[in-house]
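Here the structure is laid out as structure tokens; the discussion comes afterwards.
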Amino acid sequence: MIFLIIVKYGLDYIGASLHQVKHVVHNNHHHRVNPFERRIQLNKSLKYIPNDYDDPYNLFPSATHYELSHHLAHAWSVISTAPFKRGLVVVMDGMGETYKAMIEDMVGIESFSGDYMHDLKILKSLGGRAPFVGQPMALSPGSTYREAETAYVFDADKGMLRYHRYRHHQNDYNNYNNYNNNDINYNNT
């Protein structure tokens with residue numbers, strides 16, 4: 001896995017060891033990272049994933065892990081490096097976090113959720129009073145929605161959600177747990 005080579009090279013370049021890494025912030029737009037990492041041994045034994053997924057240079061075992069939803073990860077990476085104190089960040093990749101993943105975290109369904117920050121938590125912290133457009137009002141059974149576009153207005157270190165549009169999520173055949181979704185295309189081989 002190229003990522004392992006890059007991590008080893010980067011740590012060697014700055015003269016650091018794996019155990020000196022204290023914090024890891026991660027995201028994967030296909031599935032939640034924290035629950036996935038806690039199930040690596042099972043998935044590996046079932047041959048669902050490559051053997052090197054449990055490599056310490058992939059898991060950073062001594063670090064504290066934080067997970068951001070996909071669009072929030074894009075936005076916060078821009079806000080933290082912006083050369084100005086106020087601005088607008090627009091994320092338009094059409095492949096953000098699933099609404100289902102955020103709801104499951106909010107209601108406590110996912111037992112391995114960990115530190116997972118997403119837009120629904122931001123909305124809740126604002127008392128649900130923030131302008132929030134495009135939130136699905138009703139979900140069809142066995143269906144879910146995915147972030148399509150999100151716009152954040154920020155002032156210094158505070159990000160505030162202004163607009164969010166979800167699109168109906170068509171299941172990815174390469175999603176490690178796609179058997180949980182009723183939209184599976186069984187013709188993919």
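Residue names in the structure tokens use chain letters A, B, ... in the order shown, residue numbers from 1 in each chain, and ligand numbers from 1 in the order shown.
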
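For A:Met1, the set of protein, DNA and RNA residues having any atom at most 10 Å away, when counting only C-alpha atoms and skipping those fewer than 4 positions along the same chain, is A:Ile5, A:Ile6, A:Pro50, A:Asn51, A:Asp52, A:Tyr53, A:Asp55, A:Asn58.
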
Please, could you write that set of residues out with N, CA and C atoms as a PDB file, in the first residue's frame?
```pdb
ATOM      1  N   ILE A   5       4.199   3.478   2.617  1.00  0.00           N
ATOM      2  CA  ILE A   5       5.509   3.973   2.186  1.00  0.00           C
ATOM      3  C   ILE A   5       5.608   5.469   2.425  1.00  0.00           C
ATOM      4  N   ILE A   6       4.531   6.194   2.115  1.00  0.00           N
ATOM      5  CA  ILE A   6       4.527   7.649   2.299  1.00  0.00           C
ATOM      6  C   ILE A   6       4.646   8.003   3.781  1.00  0.00           C
ATOM      7  N   PRO A  50      -7.248  -6.114   2.120  1.00  0.00           N
ATOM      8  CA  PRO A  50      -5.854  -6.542   2.032  1.00  0.00           C
ATOM      9  C   PRO A  50      -5.238  -6.788   3.414  1.00  0.00           C
ATOM     10  N   ASN A  51      -4.236  -7.626   3.468  1.00  0.00           N
ATOM     11  CA  ASN A  51      -3.585  -7.983   4.729  1.00  0.00           C
ATOM     12  C   ASN A  51      -2.885  -6.814   5.409  1.00  0.00           C
ATOM     13  N   ASP A  52      -2.428  -5.814   4.645  1.00  0.00           N
ATOM     14  CA  ASP A  52      -1.665  -4.738   5.265  1.00  0.00           C
ATOM     15  C   ASP A  52      -2.526  -3.630   5.866  1.00  0.00           C
ATOM     16  N   TYR A  53      -3.837  -3.786   5.863  1.00  0.00           N
ATOM     17  CA  TYR A  53      -4.689  -2.766   6.483  1.00  0.00           C
ATOM     18  C   TYR A  53      -4.436  -2.641   7.986  1.00  0.00           C
ATOM     19  N   ASP A  55      -1.527  -2.793   9.407  1.00  0.00           N
ATOM     20  CA  ASP A  55      -0.159  -2.352   9.636  1.00  0.00           C
ATOM     21  C   ASP A  55      -0.171  -1.149  10.586  1.00  0.00           C
ATOM     22  N   ASN A  58      -0.541   2.241   9.211  1.00  0.00           N
ATOM     23  CA  ASN A  58      -1.868   2.581   8.711  1.00  0.00           C
ATOM     24  C   ASN A  58      -2.796   2.943   9.867  1.00  0.00           C
TER      25      ASN A  58
END
```

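If you look at atom CA of A:Tyr152 and atom CA of A:Arg86, they are 10.6 Å away from each other.
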
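For the pair atom CA of A:Val24 and atom CA of A:Thr81, the separation is 17.7 Å.
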
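Counting only C-alpha atoms and comparing A:Lys22, A:Lys85, A:Arg167, A:Arg32, the residue that lies closest to A:Asp155 is A:Lys85.
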
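If only C-alpha atoms are the atoms counted, then among A:Met106, A:Ala156, A:Ala101, A:Ile122 the closest residue to A:His30 is A:Ala101.
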
Helix (DSSP H, G or I) positions in stretch 16-123 of chain A, given as a ChimeraX atom specification: /A:18-20,33-38,40-45,51-54,56-59,70-79,99-107,119-123

Shell around A:His29 at 7 Å using only C-alpha atoms, local window under 6 positions removed, as a ChimeraX atom specification: /A:70,95-97

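Shell of A:Ser62 at 10 Å, with only C-alpha atoms counted and residues fewer than 5 places along the chain excluded, is Leu18, His19, Gln20, Val21, Lys22, His23, Val24 and Pro56 of chain A.
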
Give me a file of those residues, with C-alpha atoms, as an mmCIF file, in the first residue's frame.
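What follows is the written file again27.cif:
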```cif
data_model
loop_
_atom_site.group_PDB
_atom_site.id
_atom_site.type_symbol
_atom_site.label_atom_id
_atom_site.label_comp_id
_atom_site.auth_asym_id
_atom_site.auth_seq_id
_atom_site.Cartn_x
_atom_site.Cartn_y
_atom_site.Cartn_z
ATOM 1 C CA LEU A 18 5.379 6.253 14.659
ATOM 2 C CA HIS A 19 4.852 6.480 18.418
ATOM 3 C CA GLN A 20 5.476 10.238 18.365
ATOM 4 C CA VAL A 21 2.307 10.780 16.331
ATOM 5 C CA LYS A 22 -0.224 11.963 18.937
ATOM 6 C CA HIS A 23 -3.316 12.815 16.877
ATOM 7 C CA VAL A 24 -4.768 11.459 13.630
ATOM 8 C CA PRO A 56 0.781 0.031 12.494
#
```

Selection near A:Tyr99, 8 Å with only C-alpha atoms, sequence-local residues under 4 positions removed, as a PyMOL selection string: chain A and resi 103+144-147+166

Next, write the just-selected residues to a file, as a PDB file, in the first residue's frame, keeping N, CA and C atoms as the atom set.
```
ATOM      1  N   ILE A 103     -26.800  10.227  11.144  1.00  0.00           N
ATOM      2  CA  ILE A 103     -27.945   9.921  12.005  1.00  0.00           C
ATOM      3  C   ILE A 103     -27.606   8.782  12.956  1.00  0.00           C
ATOM      4  N   THR A 144     -30.791   5.767   1.441  1.00  0.00           N
ATOM      5  CA  THR A 144     -30.055   6.788   2.173  1.00  0.00           C
ATOM      6  C   THR A 144     -29.659   7.907   1.221  1.00  0.00           C
ATOM      7  N   TYR A 145     -29.173   8.976   1.785  1.00  0.00           N
ATOM      8  CA  TYR A 145     -28.777  10.146   1.019  1.00  0.00           C
ATOM      9  C   TYR A 145     -27.337  10.474   1.348  1.00  0.00           C
ATOM     10  N   ARG A 146     -26.666  11.148   0.430  1.00  0.00           N
ATOM     11  CA  ARG A 146     -25.257  11.481   0.571  1.00  0.00           C
ATOM     12  C   ARG A 146     -25.080  12.977   0.327  1.00  0.00           C
ATOM     13  N   GLU A 147     -24.125  13.601   1.025  1.00  0.00           N
ATOM     14  CA  GLU A 147     -23.827  15.005   0.793  1.00  0.00           C
ATOM     15  C   GLU A 147     -23.474  15.213  -0.681  1.00  0.00           C
ATOM     16  N   TYR A 166     -28.335  17.225  -0.212  1.00  0.00           N
ATOM     17  CA  TYR A 166     -28.085  15.789  -0.268  1.00  0.00           C
ATOM     18  C   TYR A 166     -28.637  15.247  -1.577  1.00  0.00           C
TER      19      TYR A 166
END
```

Between atom CA of A:Gly108 and atom CA of A:Ser69, distance in Å (one decimal): 16.3 Å
